[in-house]
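Content type CSV, C-alpha atoms, from the file upload-v8.csv:
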chain,number,residue,atom,x,y,z
A,248,MET,CA,-16.3,2.7,15.8
A,249,GLU,CA,-19.6,2.1,17.6
A,250,TYR,CA,-20.3,-1.1,19.6
A,251,ILE,CA,-23.4,-2.9,20.7
A,252,LYS,CA,-23.7,-5.1,23.8
A,253,LEU,CA,-24.8,-8.7,23.4
A,254,SER,CA,-27.2,-10.2,26.0
A,255,ASN,CA,-24.2,-11.5,28.0
A,256,GLY,CA,-22.6,-8.0,28.1
A,257,VAL,CA,-19.9,-8.7,25.5
A,258,ALA,CA,-19.2,-5.6,23.3
A,259,MET,CA,-19.3,-6.2,19.5
A,260,PRO,CA,-18.5,-3.7,16.7
A,261,ILE,CA,-21.7,-2.8,14.9
A,262,LEU,CA,-19.7,-2.6,11.7
A,263,GLY,CA,-17.2,-5.3,10.8
A,264,TYR,CA,-15.5,-6.8,7.8
A,265,GLY,CA,-16.7,-10.1,6.2
A,266,VAL,CA,-14.6,-12.4,4.1
A,267,TYR,CA,-17.3,-14.5,2.4
A,268,GLN,CA,-16.2,-15.0,-1.2
A,269,VAL,CA,-12.8,-13.6,-0.6
A,270,THR,CA,-10.4,-16.1,-2.1
A,271,LYS,CA,-7.6,-17.7,-0.2
A,272,GLU,CA,-5.1,-15.8,-2.4
A,273,GLU,CA,-6.6,-12.4,-1.6
A,274,CYS,CA,-7.8,-13.0,2.0
A,275,GLU,CA,-4.7,-12.2,4.0
A,276,ARG,CA,-4.1,-9.0,2.1
A,277,CYS,CA,-7.8,-8.0,2.4
A,278,VAL,CA,-7.9,-8.6,6.2
A,279,LEU,CA,-4.7,-6.7,6.7
A,280,ASP,CA,-6.2,-3.8,4.7
A,281,ALA,CA,-9.4,-4.0,6.7
A,282,LEU,CA,-7.5,-3.8,10.0
A,283,LYS,CA,-5.4,-0.9,8.6
A,284,ALA,CA,-8.7,0.9,7.7
A,285,GLY,CA,-9.8,0.6,11.3
A,286,TYR,CA,-12.1,-2.4,11.3
A,287,ARG,CA,-12.0,-4.5,14.5
A,288,GLY,CA,-14.7,-7.0,13.7
A,289,ILE,CA,-13.6,-9.9,11.3
A,290,ASP,CA,-16.2,-12.5,10.2
A,291,THR,CA,-15.2,-15.8,8.6
A,292,ALA,CA,-16.5,-19.4,8.5
A,293,GLN,CA,-15.3,-22.9,8.1
A,294,SER,CA,-17.1,-23.1,4.8
A,295,TYR,CA,-15.3,-20.1,3.4
A,296,PHE,CA,-12.0,-22.0,3.4
A,297,ASN,CA,-10.0,-19.0,4.4
A,298,GLU,CA,-9.6,-19.2,8.2
A,299,GLU,CA,-5.9,-19.8,8.0
A,300,GLU,CA,-5.4,-16.6,5.9
A,301,VAL,CA,-7.5,-14.7,8.4
A,302,GLY,CA,-5.4,-16.0,11.2
A,303,SER,CA,-2.2,-15.1,9.5
A,304,ALA,CA,-3.4,-11.6,8.7
A,305,ILE,CA,-4.3,-11.0,12.4
A,306,GLU,CA,-0.9,-12.3,13.5
A,307,LYS,CA,0.9,-10.0,11.1
A,308,SER,CA,-1.2,-7.0,11.6
A,309,GLY,CA,0.3,-5.7,14.8
A,310,VAL,CA,-3.2,-5.2,16.2
A,311,VAL,CA,-3.4,-6.8,19.6
A,312,ARG,CA,-5.8,-9.8,19.6
A,313,GLU,CA,-7.9,-8.3,22.4
A,314,GLU,CA,-8.9,-5.4,20.1
A,315,ILE,CA,-10.3,-7.7,17.4
A,316,PHE,CA,-13.7,-9.3,17.6
A,317,LEU,CA,-13.3,-12.5,15.7
A,318,THR,CA,-16.2,-14.6,14.4
A,319,THR,CA,-16.3,-18.0,12.7
A,320,LYS,CA,-19.1,-20.4,11.9
A,321,VAL,CA,-19.5,-24.2,12.2
A,322,TRP,CA,-20.5,-25.9,8.9
A,323,ILE,CA,-23.3,-28.5,8.7
A,324,GLU,CA,-21.0,-31.6,8.3
A,325,HIS,CA,-19.5,-30.8,11.7
A,326,TYR,CA,-22.8,-30.8,13.6
A,327,GLY,CA,-23.4,-33.2,16.5
A,328,TYR,CA,-21.6,-32.7,19.8
A,329,GLU,CA,-18.2,-34.3,19.2
A,330,GLU,CA,-17.7,-33.2,15.7
A,331,CYS,CA,-18.7,-29.6,16.5
A,332,ARG,CA,-16.1,-29.5,19.3
A,333,LYS,CA,-13.5,-31.0,17.1
A,334,SER,CA,-14.2,-28.6,14.3
A,335,VAL,CA,-14.0,-25.5,16.6
A,336,GLU,CA,-10.7,-26.7,18.0
A,337,GLU,CA,-9.4,-27.0,14.4
A,338,SER,CA,-10.7,-23.5,13.6
A,339,LEU,CA,-8.9,-22.1,16.6
A,340,LYS,CA,-5.7,-23.6,15.3
A,341,LYS,CA,-6.2,-22.2,11.8
A,342,LEU,CA,-7.1,-18.8,13.2
A,343,LYS,CA,-4.0,-18.9,15.4
A,344,THR,CA,-5.9,-18.0,18.5
A,345,ASP,CA,-6.9,-19.6,21.8
A,346,TYR,CA,-10.4,-18.2,21.9
A,347,LEU,CA,-13.2,-17.0,19.6
A,348,ASP,CA,-15.2,-13.8,20.3
A,349,LEU,CA,-18.2,-15.3,18.5
A,350,CYS,CA,-19.0,-18.8,17.1
A,351,LEU,CA,-22.2,-19.4,15.1
A,352,LEU,CA,-23.9,-22.5,13.8
A,353,HIS,CA,-24.0,-21.7,10.1
A,354,GLN,CA,-27.2,-23.4,8.9
A,355,PRO,CA,-30.4,-24.7,10.5
A,356,PHE,CA,-30.0,-28.3,9.4
A,357,ALA,CA,-28.8,-31.7,10.6
A,358,ASP,CA,-28.0,-32.2,14.3
A,359,TYR,CA,-27.8,-28.5,15.3
A,360,TYR,CA,-29.0,-29.4,18.8
A,361,GLY,CA,-25.9,-31.6,19.4
A,362,ALA,CA,-23.7,-28.9,17.9
A,363,TRP,CA,-25.4,-26.2,20.1
A,364,ARG,CA,-24.6,-28.2,23.3
A,365,ALA,CA,-21.0,-28.3,22.2
A,366,LEU,CA,-21.0,-24.5,21.8
A,367,GLU,CA,-22.7,-24.1,25.1
A,368,ASP,CA,-20.0,-26.1,26.8
A,369,MET,CA,-17.1,-24.3,25.0
A,370,TYR,CA,-18.7,-21.0,26.0
A,371,GLU,CA,-18.8,-22.0,29.6
A,372,GLU,CA,-15.2,-23.2,29.4
A,373,GLY,CA,-14.2,-19.7,28.2
A,374,LYS,CA,-13.1,-20.8,24.7
A,375,ILE,CA,-15.8,-18.8,23.0
A,376,ARG,CA,-17.0,-15.4,24.4
A,377,ALA,CA,-20.4,-15.5,22.7
A,378,ILE,CA,-22.4,-18.1,20.7
A,379,GLY,CA,-25.1,-17.8,18.2
A,380,VAL,CA,-26.6,-19.0,14.9
A,381,SER,CA,-27.0,-18.0,11.3
A,382,ASN,CA,-29.9,-18.4,8.9
A,383,PHE,CA,-32.3,-19.6,11.6
A,384,TYR,CA,-35.9,-18.5,10.8
A,385,PRO,CA,-38.1,-17.4,13.8
A,386,ASP,CA,-39.6,-20.8,14.4
A,387,ARG,CA,-36.3,-22.6,14.8
A,388,LEU,CA,-34.8,-19.7,16.6
A,389,ILE,CA,-37.6,-19.7,19.2
A,390,ASP,CA,-37.2,-23.5,19.5
A,391,LEU,CA,-33.5,-23.2,20.3
A,392,ALA,CA,-33.8,-20.2,22.5
A,393,SER,CA,-36.6,-21.9,24.5
A,394,PHE,CA,-35.1,-25.4,24.9
A,395,GLY,CA,-31.4,-24.8,24.8
A,396,ARG,CA,-29.5,-24.3,28.0
A,397,ILE,CA,-28.1,-20.9,26.7
A,398,LYS,CA,-30.0,-18.6,24.3
A,399,PRO,CA,-28.3,-17.6,21.1
A,400,MET,CA,-26.7,-14.2,21.4
A,401,ILE,CA,-26.7,-13.5,17.6
A,402,ASN,CA,-28.7,-14.6,14.6
A,403,GLN,CA,-26.9,-13.7,11.3
A,404,VAL,CA,-29.4,-13.6,8.5
A,405,GLU,CA,-29.9,-12.1,5.0
A,406,THR,CA,-30.9,-8.5,5.7
A,407,HIS,CA,-30.9,-5.5,3.3
A,408,PRO,CA,-33.5,-2.9,2.1
A,409,HIS,CA,-35.2,-5.5,-0.2
A,410,ASN,CA,-35.5,-8.1,2.6
A,411,GLN,CA,-35.7,-6.2,5.9
A,412,GLN,CA,-36.6,-9.1,8.2
A,413,VAL,CA,-39.1,-7.0,10.1
A,414,VAL,CA,-41.0,-9.9,11.7
A,415,ALA,CA,-37.8,-11.9,12.3
A,416,LYS,CA,-36.2,-8.9,14.0
A,417,LYS,CA,-39.2,-8.5,16.3
A,418,TYR,CA,-38.8,-12.0,17.5
A,419,MET,CA,-35.1,-11.6,17.9
A,420,ASP,CA,-35.7,-8.4,20.0
A,421,LYS,CA,-38.3,-10.2,22.1
A,422,TYR,CA,-35.8,-13.0,22.9
A,423,GLY,CA,-32.8,-10.7,23.4
A,424,ILE,CA,-31.0,-12.0,20.3
A,425,GLN,CA,-28.9,-9.5,18.3
A,426,ILE,CA,-29.6,-9.4,14.5
A,427,GLU,CA,-26.6,-9.4,12.2
A,428,ALA,CA,-26.8,-8.9,8.5
A,429,TRP,CA,-25.1,-11.0,5.9
A,430,ALA,CA,-25.3,-9.5,2.4
A,431,PRO,CA,-26.1,-6.1,3.9
A,432,PHE,CA,-26.1,-4.8,0.3
A,433,GLY,CA,-28.0,-7.8,-1.0
A,434,GLU,CA,-25.0,-8.1,-3.4
A,435,GLY,CA,-26.7,-5.3,-5.4
A,436,ARG,CA,-29.3,-7.7,-6.7
A,437,GLY,CA,-32.6,-6.2,-7.9
A,438,GLY,CA,-30.8,-3.0,-8.9
A,439,LEU,CA,-30.3,-2.0,-5.3
A,440,PHE,CA,-27.2,0.2,-5.9
A,441,GLU,CA,-29.1,2.0,-8.7
A,442,ASP,CA,-32.2,2.6,-6.6
A,443,GLU,CA,-33.5,6.2,-7.0
A,444,THR,CA,-34.8,6.6,-3.5
A,445,LEU,CA,-31.4,5.5,-2.0
A,446,ALA,CA,-29.5,7.7,-4.4
A,447,ALA,CA,-31.6,10.8,-3.6
A,448,ILE,CA,-31.2,10.2,0.2
A,449,GLY,CA,-27.4,9.9,-0.3
A,450,ALA,CA,-27.3,13.1,-2.4
A,451,LYS,CA,-28.7,15.0,0.6
A,452,TYR,CA,-25.7,14.0,2.8
A,453,GLY,CA,-23.0,13.7,0.2
A,454,LYS,CA,-23.0,9.9,0.7
A,455,THR,CA,-23.1,6.9,-1.6
A,456,VAL,CA,-25.9,4.4,-1.8
A,457,ALA,CA,-23.7,1.9,0.0
A,458,GLN,CA,-23.1,4.3,2.8
A,459,VAL,CA,-26.8,5.1,3.1
A,460,ILE,CA,-27.6,1.3,3.3
A,461,LEU,CA,-25.0,0.8,6.0
A,462,ARG,CA,-26.3,3.8,8.0
A,463,TRP,CA,-29.9,2.5,7.7
A,464,HIS,CA,-28.8,-0.9,9.1
A,465,ILE,CA,-26.9,0.8,12.0
A,466,GLN,CA,-29.8,3.0,12.9
A,467,ARG,CA,-32.0,-0.1,13.0
A,468,GLY,CA,-29.5,-1.7,15.5
A,469,VAL,CA,-28.4,-4.2,12.9
A,470,VAL,CA,-24.7,-5.4,13.0
A,471,VAL,CA,-23.2,-5.3,9.5
A,472,ILE,CA,-20.2,-7.0,7.9
A,473,PRO,CA,-19.8,-5.6,4.4
A,474,LYS,CA,-17.2,-7.2,2.2
A,475,SER,CA,-14.9,-5.5,-0.3
A,476,THR,CA,-11.5,-6.4,-1.7
A,477,HIS,CA,-10.6,-2.8,-2.4
A,478,TYR,CA,-9.1,-0.7,0.3
A,479,GLU,CA,-10.8,2.6,-0.8
A,480,ARG,CA,-14.2,0.9,-0.6
A,481,MET,CA,-13.3,-0.5,2.9
A,482,VAL,CA,-12.6,3.1,4.0
A,483,GLU,CA,-15.8,4.3,2.4
A,484,ASN,CA,-17.9,1.7,4.1
A,485,ARG,CA,-16.5,2.7,7.5
A,486,ASN,CA,-17.3,6.4,6.9
A,487,VAL,CA,-20.9,6.1,8.1
A,488,PHE,CA,-20.8,7.5,11.6
A,489,ASP,CA,-20.7,11.2,10.7
A,490,PHE,CA,-24.3,11.5,9.5
A,491,GLN,CA,-27.8,10.6,10.6
A,492,LEU,CA,-30.8,9.5,8.5
A,493,SER,CA,-34.0,11.3,9.3
A,494,ASP,CA,-37.2,9.6,10.2
A,495,GLU,CA,-38.5,10.4,6.8
A,496,ASP,CA,-35.4,8.8,5.2
A,497,MET,CA,-35.9,5.7,7.3
A,498,SER,CA,-39.6,5.5,6.3
A,499,GLN,CA,-38.7,5.8,2.6
A,500,ILE,CA,-36.2,3.0,2.9
A,501,ALA,CA,-38.7,0.9,4.9
A,502,ALA,CA,-41.1,1.2,1.9
A,503,LEU,CA,-38.5,-0.6,-0.3
A,504,ASP,CA,-39.0,-3.9,1.5
A,505,LYS,CA,-40.1,-6.8,-0.8
A,506,ASN,CA,-40.2,-9.1,2.2
A,507,THR,CA,-38.6,-11.9,0.3
A,508,SER,CA,-35.1,-13.3,-0.1
A,509,SER,CA,-32.9,-12.1,-3.0
A,510,PHE,CA,-31.1,-15.5,-2.8
A,511,PHE,CA,-33.0,-18.6,-1.6
A,512,SER,CA,-35.3,-19.9,1.0
A,513,HIS,CA,-34.2,-22.3,3.7
A,514,SER,CA,-37.7,-23.7,3.8
A,515,ASP,CA,-37.7,-24.7,0.2
A,516,PRO,CA,-37.4,-28.5,0.0
A,517,ALA,CA,-35.3,-28.3,-3.2
A,518,MET,CA,-32.9,-25.9,-1.5
A,519,VAL,CA,-32.6,-28.2,1.6
A,520,GLU,CA,-31.8,-31.1,-0.8
A,521,TRP,CA,-29.1,-28.8,-2.4
A,522,PHE,CA,-27.5,-28.3,0.9
A,523,VAL,CA,-27.6,-32.0,1.6
A,524,LYS,CA,-26.0,-32.8,-1.8
A,525,MET,CA,-23.3,-30.2,-1.2
A,526,VAL,CA,-22.3,-31.6,2.2
A,527,ASN,CA,-22.3,-35.2,0.8
A,528,ASP,CA,-20.3,-34.2,-2.2
A,529,ARG,CA,-17.7,-32.5,-0.1
A,530,LYS,CA,-17.4,-35.5,2.2
A,531,GLU,CA,-16.9,-37.8,-0.8
A,532,ASN,CA,-14.3,-35.5,-2.4
A,533,LYS,CA,-12.3,-35.3,0.8
A,534,THR,CA,-12.5,-39.0,1.5
A,535,GLY,CA,-11.3,-39.7,-2.1
A,536,GLN,CA,-8.3,-37.4,-1.5
A,537,GLY,CA,-7.3,-39.4,1.6
A,538,GLU,CA,-8.3,-36.6,3.9
A,539,ASP,CA,-10.3,-36.8,7.1
A,540,LYS,CA,-13.9,-37.1,6.0
A,541,ASN,CA,-15.0,-34.9,8.9
A,542,TRP,CA,-12.9,-31.9,8.0

Structure re-expressed in structure tokens:
Amino acid sequence: MEYIKLSNGVAMPILGYGVYQVTKEECERCVLDALKAGYRGIDTAQSYFNEEEVGSAIEKSGVVREEIFLTTKVWIEHYGYEECRKSVEESLKKLKTDYLDLCLLHQPFADYYGAWRALEDMYEEGKIRAIGVSNFYPDRLIDLASFGRIKPMINQVETHPHNQQVVAKKYMDKYGIQIEAWAPFGEGRGGLFEDETLAAIGAKYGKTVAQVILRWHIQRGVVVIPKSTHYERMVENRNVFDFQLSDEDMSQIAALDKNTSSFFSHSDPAMVEWFVKMVNDRKENKTGQGEDKNW
């Protein structure tokens, strides 16, 4: 496994395993399989509703905690200083650990400044080894990096051959913020797995399209967290450190950039309203069930 160093010197695996859209029923087994396959970076989030299963898998795996780089993310309804601290403490309990390797603010909405101050304090207290954000576009990232006490160390954003985040990455590099890709395969949208250019490149090295995409990310210095529920695919996704894409290969893949999201835009007012509705609906549902409306 190869590692990158964050701005504070913390080492992070450049290839990890993500559990977005992994069900609670499958999550423990999947994380155990990923650790068995050699993954040492595990990425979850409060909004994935599988932190407890991740924690149980790590506990049962036999892999010492210090070898695992564990990431979770704070969801919007837990923003603001006090609620953010409370939610991170709850995440620690669910994950059965007394520290996080990385904690991110999941979305650039609501009181993310209050939440960021909470992460800054928990970082300085040693409860979190690195802090960062997710889905922050360059304008908001520069804002936070410039006016926060501590600059984000990571920005996890949609990144794949059809949306390469070239401009965003330039700003992240300028401010010393590591780029991390969610949906490193773009979930195969737009026929990405059937792309003839990627298939031809893969054929030269005896590699799959998925392996070519992961190798392309890694050579760009992008941290990747591919998700699979199949052990054989997990092993395949890790098998990307025994070949090197040429400059010509990299240029051909660069030409695939459509410079647009395959999913949605955080600057679309309708999408912002969708996030607001989702947060409010979740609060109402939990309150109606007699649960703490803030968790």

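For region 262-267 of chain A, the residues within 7 Å (counting all atoms listed in the file, excluding itself and residues fewer than 4 positions away along the chain) are A:Ala281, A:Tyr286, A:Arg287, A:Gly288, A:Ile289, A:Asp290, A:Thr291, A:Tyr295, A:Val470, A:Val471, A:Ile472, A:Pro473, A:Lys474.
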
**Request:** Go through A:Leu347, A:Met369, A:Met259, A:Ala304 and flag the residue nearest Lys333 (chain A), using all atoms listed in the file for the distances.
**Result:**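 Nearest to Lys333 (chain A): A:Met369.
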
**Message:** With all atoms listed in the file as the counted atoms, please give the residues lying no more than 10 Å from region 490-497 of chain A, apart from itself and same-chain residues fewer than 6 positions off, as a VMD selection string.
**Reply:** chain A and resid 444 to 445 447 to 449 451 to 454 458 to 459 462 to 467

**Item:** Spatial neighbours of region 413-428 of chain A, max dist 9 Å, only C-alpha atoms, sep filter under 4 positions, as a PyMOL selection string
**Value:** chain A and resi 251-254+261+379+381+384-385+388-389+392+398-407+464+468-473+506

Selection above as a file: C-alpha atoms, as a PDB file, keeping the file's coordinate frame:
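Everything below was put into again-v4.pdb:
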ATOM      1  CA  ILE A 251     -23.400  -2.900  20.700  1.00  0.00           C
ATOM      2  CA  LYS A 252     -23.700  -5.100  23.800  1.00  0.00           C
ATOM      3  CA  LEU A 253     -24.800  -8.700  23.400  1.00  0.00           C
ATOM      4  CA  SER A 254     -27.200 -10.200  26.000  1.00  0.00           C
ATOM      5  CA  ILE A 261     -21.700  -2.800  14.900  1.00  0.00           C
ATOM      6  CA  GLY A 379     -25.100 -17.800  18.200  1.00  0.00           C
ATOM      7  CA  SER A 381     -27.000 -18.000  11.300  1.00  0.00           C
ATOM      8  CA  TYR A 384     -35.900 -18.500  10.800  1.00  0.00           C
ATOM      9  CA  PRO A 385     -38.100 -17.400  13.800  1.00  0.00           C
ATOM     10  CA  LEU A 388     -34.800 -19.700  16.600  1.00  0.00           C
ATOM     11  CA  ILE A 389     -37.600 -19.700  19.200  1.00  0.00           C
ATOM     12  CA  ALA A 392     -33.800 -20.200  22.500  1.00  0.00           C
ATOM     13  CA  LYS A 398     -30.000 -18.600  24.300  1.00  0.00           C
ATOM     14  CA  PRO A 399     -28.300 -17.600  21.100  1.00  0.00           C
ATOM     15  CA  MET A 400     -26.700 -14.200  21.400  1.00  0.00           C
ATOM     16  CA  ILE A 401     -26.700 -13.500  17.600  1.00  0.00           C
ATOM     17  CA  ASN A 402     -28.700 -14.600  14.600  1.00  0.00           C
ATOM     18  CA  GLN A 403     -26.900 -13.700  11.300  1.00  0.00           C
ATOM     19  CA  VAL A 404     -29.400 -13.600   8.500  1.00  0.00           C
ATOM     20  CA  GLU A 405     -29.900 -12.100   5.000  1.00  0.00           C
ATOM     21  CA  THR A 406     -30.900  -8.500   5.700  1.00  0.00           C
ATOM     22  CA  HIS A 407     -30.900  -5.500   3.300  1.00  0.00           C
ATOM     23  CA  HIS A 464     -28.800  -0.900   9.100  1.00  0.00           C
ATOM     24  CA  GLY A 468     -29.500  -1.700  15.500  1.00  0.00           C
ATOM     25  CA  VAL A 469     -28.400  -4.200  12.900  1.00  0.00           C
ATOM     26  CA  VAL A 470     -24.700  -5.400  13.000  1.00  0.00           C
ATOM     27  CA  VAL A 471     -23.200  -5.300   9.500  1.00  0.00           C
ATOM     28  CA  ILE A 472     -20.200  -7.000   7.900  1.00  0.00           C
ATOM     29  CA  PRO A 473     -19.800  -5.600   4.400  1.00  0.00           C
ATOM     30  CA  ASN A 506     -40.200  -9.100   2.200  1.00  0.00           C
TER      31      ASN A 506
END

**Asked** CA of Ile397 (chain A) and CA of Ile378 (chain A), how far apart in Å?
**Response** 8.7 Å

**Asked** Neighbours of Phe432 (chain A) within 8 Å (all atoms listed in the file; same-chain residues fewer than 3 positions away dropped), as a PyMOL selection string?
**Response** chain A and resi 407-408+435+439+457+460+473

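The space separating CA of Ser514 (chain A) from CA of Leu391 (chain A) comes to 17.0 Å.
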
**Prompt:** Quick one, how far is CA of Glu324 (chain A) from CA of Arg276 (chain A)?
**Reply:** 28.9 Å

**Non-local contacts of Leu282 (chain A) (12 Å; all atoms listed in the file; under 3 positions in same chain excluded) as a ChimeraX atom specification** = /A:263-265,275-279,285-289,301,304-312,314-317,478,481-482,485

Generate the output file for the selected residues, C-alpha atoms, as a PDB file, keeping the file's coordinate frame.
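Result went into result_25.pdb, see below:
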ATOM      1  CA  GLY A 263     -17.200  -5.300  10.800  1.00  0.00           C
ATOM      2  CA  TYR A 264     -15.500  -6.800   7.800  1.00  0.00           C
ATOM      3  CA  GLY A 265     -16.700 -10.100   6.200  1.00  0.00           C
ATOM      4  CA  GLU A 275      -4.700 -12.200   4.000  1.00  0.00           C
ATOM      5  CA  ARG A 276      -4.100  -9.000   2.100  1.00  0.00           C
ATOM      6  CA  CYS A 277      -7.800  -8.000   2.400  1.00  0.00           C
ATOM      7  CA  VAL A 278      -7.900  -8.600   6.200  1.00  0.00           C
ATOM      8  CA  LEU A 279      -4.700  -6.700   6.700  1.00  0.00           C
ATOM      9  CA  GLY A 285      -9.800   0.600  11.300  1.00  0.00           C
ATOM     10  CA  TYR A 286     -12.100  -2.400  11.300  1.00  0.00           C
ATOM     11  CA  ARG A 287     -12.000  -4.500  14.500  1.00  0.00           C
ATOM     12  CA  GLY A 288     -14.700  -7.000  13.700  1.00  0.00           C
ATOM     13  CA  ILE A 289     -13.600  -9.900  11.300  1.00  0.00           C
ATOM     14  CA  VAL A 301      -7.500 -14.700   8.400  1.00  0.00           C
ATOM     15  CA  ALA A 304      -3.400 -11.600   8.700  1.00  0.00           C
ATOM     16  CA  ILE A 305      -4.300 -11.000  12.400  1.00  0.00           C
ATOM     17  CA  GLU A 306      -0.900 -12.300  13.500  1.00  0.00           C
ATOM     18  CA  LYS A 307       0.900 -10.000  11.100  1.00  0.00           C
ATOM     19  CA  SER A 308      -1.200  -7.000  11.600  1.00  0.00           C
ATOM     20  CA  GLY A 309       0.300  -5.700  14.800  1.00  0.00           C
ATOM     21  CA  VAL A 310      -3.200  -5.200  16.200  1.00  0.00           C
ATOM     22  CA  VAL A 311      -3.400  -6.800  19.600  1.00  0.00           C
ATOM     23  CA  ARG A 312      -5.800  -9.800  19.600  1.00  0.00           C
ATOM     24  CA  GLU A 314      -8.900  -5.400  20.100  1.00  0.00           C
ATOM     25  CA  ILE A 315     -10.300  -7.700  17.400  1.00  0.00           C
ATOM     26  CA  PHE A 316     -13.700  -9.300  17.600  1.00  0.00           C
ATOM     27  CA  LEU A 317     -13.300 -12.500  15.700  1.00  0.00           C
ATOM     28  CA  TYR A 478      -9.100  -0.700   0.300  1.00  0.00           C
ATOM     29  CA  MET A 481     -13.300  -0.500   2.900  1.00  0.00           C
ATOM     30  CA  VAL A 482     -12.600   3.100   4.000  1.00  0.00           C
ATOM     31  CA  ARG A 485     -16.500   2.700   7.500  1.00  0.00           C
TER      32      ARG A 485
END

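Among the candidates A:Ser509, A:Thr455, A:Gln411, A:Gln499, the one nearest to Gly433 (chain A) when counting all atoms listed in the file is A:Ser509.
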
**Request:** Go through A:Glu443, A:Glu337, A:Glu483, A:Asp358 one by one, measure the shortest atom-to-atom distance of each to Leu461 (chain A) using only C-alpha atoms, and give the residue with the smallest value.
**Result:**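 Nearest to Leu461 (chain A): A:Glu483.
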